[in-house]
Amino acid sequence: MKTTETPAPPPAEPGASVSKVDVPVSTPGRRKREGTVLNVFSHGVLVIWAIMVVTPLLWAVMTSFKDDGSIFGSPWALPDRLHFGNWARAWTEANMSGYFLNTVLVVGGSLIGTLVLGSMAAYVLARFDFPGNRFIYYLFIGGMSFPIMLALVPLFYVVNNMGLLNTIHGLILVYIAYSLPFTVFFLTAFFRTLPTSVAEAAFVDGASHTRTFFQIMLPMAKPGLISVGIFNFLGQWNQYMLPTVLNTDPDKKVLTQGLVQLAVSQGYKGDWSGLFAGLVMAMLPVLGAYIIFQRQVVQGLTAGALK
């Protein structure tokens with residue numbers, strides 16, 4: 001094979017001027033100034049965003065310890081003393097304790113069911129090739145784009161015909177079905193990033209598919225499970241539309257329904273301090289869960305990029 005040689009440029013004639021091309025050179029001082037300006041701008045945006053998010057939360061917590069006169073007289077001032085009676089009144093008289101218990105039962109049961117069923121389906125779709133694999137996967141993806149508003153009427157009749165209307169377990173099943181598409185989508189991508197050599201070694205040692213999944217692959221997927229669990233927890237804890245349609249029994253209402261009822265009743269009574277106390281009660285579990293598991297959430301979201 002012949003190579004094509006590029007002829008050398010002819011030598012410059014004596015006395016001829018050679019033009020020089022000016023190449024802009026970025027000095028270290030200039031790059032440092034640009035980096036400093038960018039850091040100051042980005043940090044300033046983050047500070048402004050943090051103030052916009054944190055200020056309403058702190059104001060709600062502060063207001064929950066005030067009396068009604070202080071709320072309207074000096075809304076931005078600190079409370080003269082901590083009125084813990086607001087919390088006790090909201091917990092007992094407004095039945096926040098019952099709403100809280102119902103929410104814990106519904107969200108706890110649906111979260112466990114969603115993670116178990118979603119992880120099993122995602123593992124099969126990610127690890128095994130069979131006819132219809134991609135079709136089933138895209139069915140779950142399509143479920144994410146289906147508006148829940150369009151399913152409320154048929155869902156009401158389906159749940160009613162099954163005898164699950166106004167029941168805790170009926171609401172749990174609906175929450176699981178509502179959360180499965182995103183869970184399968186998230187965990188399928190996560191299971192694909194896990195090494196296959198560990199599962200193959202388990203099969204060689206005689207482990208069954210069930211044992212390999214529950215004792216080996218599922219613990220390896222812990223960051224992804226925590227991440228998708230936090231997202232499902234936030235969505236299910238704050239769900240209002242589904243329980244409003246499917247759960248009209250006053251004794252089985254969840255926290256979001258209780259807050260709406262509390263806002264209406266306390267608004268007429270003028271008990272605004274009790275209303276803010278109930279609002280903070282509903283907010284604290286979600287905020288606490290994210291603060292505790294924020295590192296695991298970040299690890300789960302970045303695990304696929306660090307393969």
# chains A, B, ... in the order shown; residues from 1 in each chain; ligands from 1
>>> residues_around(residues="Ile168 of chain A", least_positions_apart="5", cutoff="8 Å", atoms="only C-alpha atoms", output="PyMOL selection string")
chain A and resi 102+105-106+252
>>> residues_around(residues="segment 118-135 of chain A", least_positions_apart="5", cutoff="12 Å", atoms="only C-alpha atoms", output="number ranges by chain")
A: 110-113, 140-142, 176-196, 199-200, 209-210, 212-214, 217-222, 224-226, 228-229, 232
>>> residues_around(residues="segment 236-242 of chain A", least_positions_apart="6", cutoff="9 Å", atoms="only C-alpha atoms", output="list in words")
Thr103, Val104, Val106, Val107, Ser110, Leu111, Ile148, Met149, Leu152, Leu171, Val174, Tyr175, Ser179, Val254, Leu255, Thr256, Gln257, Ala282 and Val286 of chain A
>>> residues_around(residues="Gly278 of chain A", least_positions_apart="5", cutoff="9 Å", atoms="only C-alpha atoms", output="PDB file with N, CA, C and O atoms, in the first residue's frame")
ATOM      1  N   SER A  64     -47.238  27.891  63.302  1.00  0.00           N
ATOM      2  CA  SER A  64     -47.957  26.833  64.016  1.00  0.00           C
ATOM      3  C   SER A  64     -47.821  26.951  65.528  1.00  0.00           C
ATOM      4  O   SER A  64     -48.600  26.328  66.262  1.00  0.00           O
ATOM      5  N   ASN A  86     -51.759  24.277  70.129  1.00  0.00           N
ATOM      6  CA  ASN A  86     -52.203  24.210  68.744  1.00  0.00           C
ATOM      7  C   ASN A  86     -52.034  22.804  68.177  1.00  0.00           C
ATOM      8  O   ASN A  86     -52.927  22.273  67.500  1.00  0.00           O
ATOM      9  N   TRP A  87     -50.883  22.206  68.450  1.00  0.00           N
ATOM     10  CA  TRP A  87     -50.604  20.861  67.951  1.00  0.00           C
ATOM     11  C   TRP A  87     -51.521  19.838  68.622  1.00  0.00           C
ATOM     12  O   TRP A  87     -52.039  18.938  67.953  1.00  0.00           O
ATOM     13  N   ALA A  90     -55.044  20.191  67.132  1.00  0.00           N
ATOM     14  CA  ALA A  90     -55.143  19.640  65.784  1.00  0.00           C
ATOM     15  C   ALA A  90     -55.065  18.119  65.802  1.00  0.00           C
ATOM     16  O   ALA A  90     -55.734  17.445  65.014  1.00  0.00           O
ATOM     17  N   TRP A  91     -54.272  17.567  66.711  1.00  0.00           N
ATOM     18  CA  TRP A  91     -54.084  16.113  66.772  1.00  0.00           C
ATOM     19  C   TRP A  91     -55.330  15.395  67.289  1.00  0.00           C
ATOM     20  O   TRP A  91     -55.662  14.297  66.825  1.00  0.00           O
ATOM     21  N   ALA A  94     -59.249  17.829  65.729  1.00  0.00           N
ATOM     22  CA  ALA A  94     -59.386  17.782  64.265  1.00  0.00           C
ATOM     23  C   ALA A  94     -59.157  16.380  63.707  1.00  0.00           C
ATOM     24  O   ALA A  94     -59.143  16.203  62.485  1.00  0.00           O
ATOM     25  N   MET A  96     -56.528  14.570  63.439  1.00  0.00           N
ATOM     26  CA  MET A  96     -55.331  14.361  62.642  1.00  0.00           C
ATOM     27  C   MET A  96     -54.657  13.041  62.975  1.00  0.00           C
ATOM     28  O   MET A  96     -53.967  12.457  62.127  1.00  0.00           O
ATOM     29  N   LEU A 259     -56.604  17.273  55.724  1.00  0.00           N
ATOM     30  CA  LEU A 259     -56.134  18.658  55.683  1.00  0.00           C
ATOM     31  C   LEU A 259     -57.148  19.564  54.987  1.00  0.00           C
ATOM     32  O   LEU A 259     -57.370  20.701  55.420  1.00  0.00           O
ATOM     33  N   LEU A 262     -59.913  20.005  57.367  1.00  0.00           N
ATOM     34  CA  LEU A 262     -59.466  20.875  58.455  1.00  0.00           C
ATOM     35  C   LEU A 262     -59.424  22.323  58.004  1.00  0.00           C
ATOM     36  O   LEU A 262     -59.793  23.231  58.755  1.00  0.00           O
ATOM     37  N   SER A 273     -54.346  28.836  63.868  1.00  0.00           N
ATOM     38  CA  SER A 273     -53.163  28.221  64.488  1.00  0.00           C
ATOM     39  C   SER A 273     -53.250  26.696  64.439  1.00  0.00           C
ATOM     40  O   SER A 273     -52.251  26.016  64.167  1.00  0.00           O
ATOM     41  N   MET A 283     -46.388  17.755  56.803  1.00  0.00           N
ATOM     42  CA  MET A 283     -45.183  18.068  56.055  1.00  0.00           C
ATOM     43  C   MET A 283     -43.943  17.399  56.632  1.00  0.00           C
ATOM     44  O   MET A 283     -43.017  17.019  55.893  1.00  0.00           O
TER      45      MET A 283
END
>>> select_by_dssp(residues="segment 56-172 of chain A", states="alpha helix (DSSP H)", output="MDAnalysis selection string")
chainID A and resid 56:63 68:73 85:92 96:127 133:144 152:161 168:172
>>> atom_distance(atom1="atom CA of Gly163 of chain A", atom2="atom CA of Asp251 of chain A")
17.5 Å
>>> closest_residue(among="A:Phe233, A:Val264, A:Leu155, A:Leu246", to="Ala289 of chain A", atoms="only C-alpha atoms")
A:Phe233
>>> residues_around(residues="segment 46-59 of chain A", least_positions_apart="6", cutoff="10 Å", atoms="only C-alpha atoms", output="PyMOL selection string")
chain A and resi 40+75-78+276+280+283
>>> write_last_selection(atoms="N, CA and C atoms", output="CSV table (one decimal), in the first residue's frame")
chain,number,residue,atom,x,y,z
A,40,VAL,N,-19.6,32.6,41.4
A,40,VAL,CA,-20.4,33.6,42.1
A,40,VAL,C,-21.8,33.6,41.6
A,75,PRO,N,-47.5,38.8,61.6
A,75,PRO,CA,-47.3,37.6,60.9
A,75,PRO,C,-45.9,37.2,60.7
A,76,TRP,N,-44.9,38.2,60.7
A,76,TRP,CA,-43.5,37.9,60.4
A,76,TRP,C,-42.7,37.9,61.7
A,77,ALA,N,-43.3,38.2,62.8
A,77,ALA,CA,-42.6,38.2,64.1
A,77,ALA,C,-42.5,36.8,64.7
A,78,LEU,N,-41.5,36.6,65.5
A,78,LEU,CA,-41.4,35.3,66.2
A,78,LEU,C,-42.5,35.2,67.3
A,276,PHE,N,-52.4,25.6,60.8
A,276,PHE,CA,-51.0,25.5,60.5
A,276,PHE,C,-50.3,24.4,61.2
A,280,VAL,N,-48.1,21.4,59.3
A,280,VAL,CA,-46.8,21.1,59.6
A,280,VAL,C,-46.7,19.6,59.9
A,283,MET,N,-46.4,17.8,56.8
A,283,MET,CA,-45.2,18.1,56.1
A,283,MET,C,-43.9,17.4,56.6
>>> atom_distance(atom1="atom CA of Phe84 of chain A", atom2="atom CA of Phe100 of chain A")
18.5 Å
>>> closest_residue(among="A:Met144, A:Gln261, A:Phe231, A:Ile291", to="Leu115 of chain A", atoms="only C-alpha atoms")
A:Phe231
>>> atom_distance(atom1="atom CA of Ile172 of chain A", atom2="atom CA of Lys253 of chain A")
12.9 Å
>>> closest_residue(among="A:Pro223, A:Gly109, A:Leu164, A:Asp67", to="Gly85 of chain A", atoms="only C-alpha atoms")
A:Asp67
>>> closest_residue(among="A:Phe41, A:Gln294, A:Ile216, A:Asp68", to="Asp271 of chain A", atoms="only C-alpha atoms")
A:Asp68
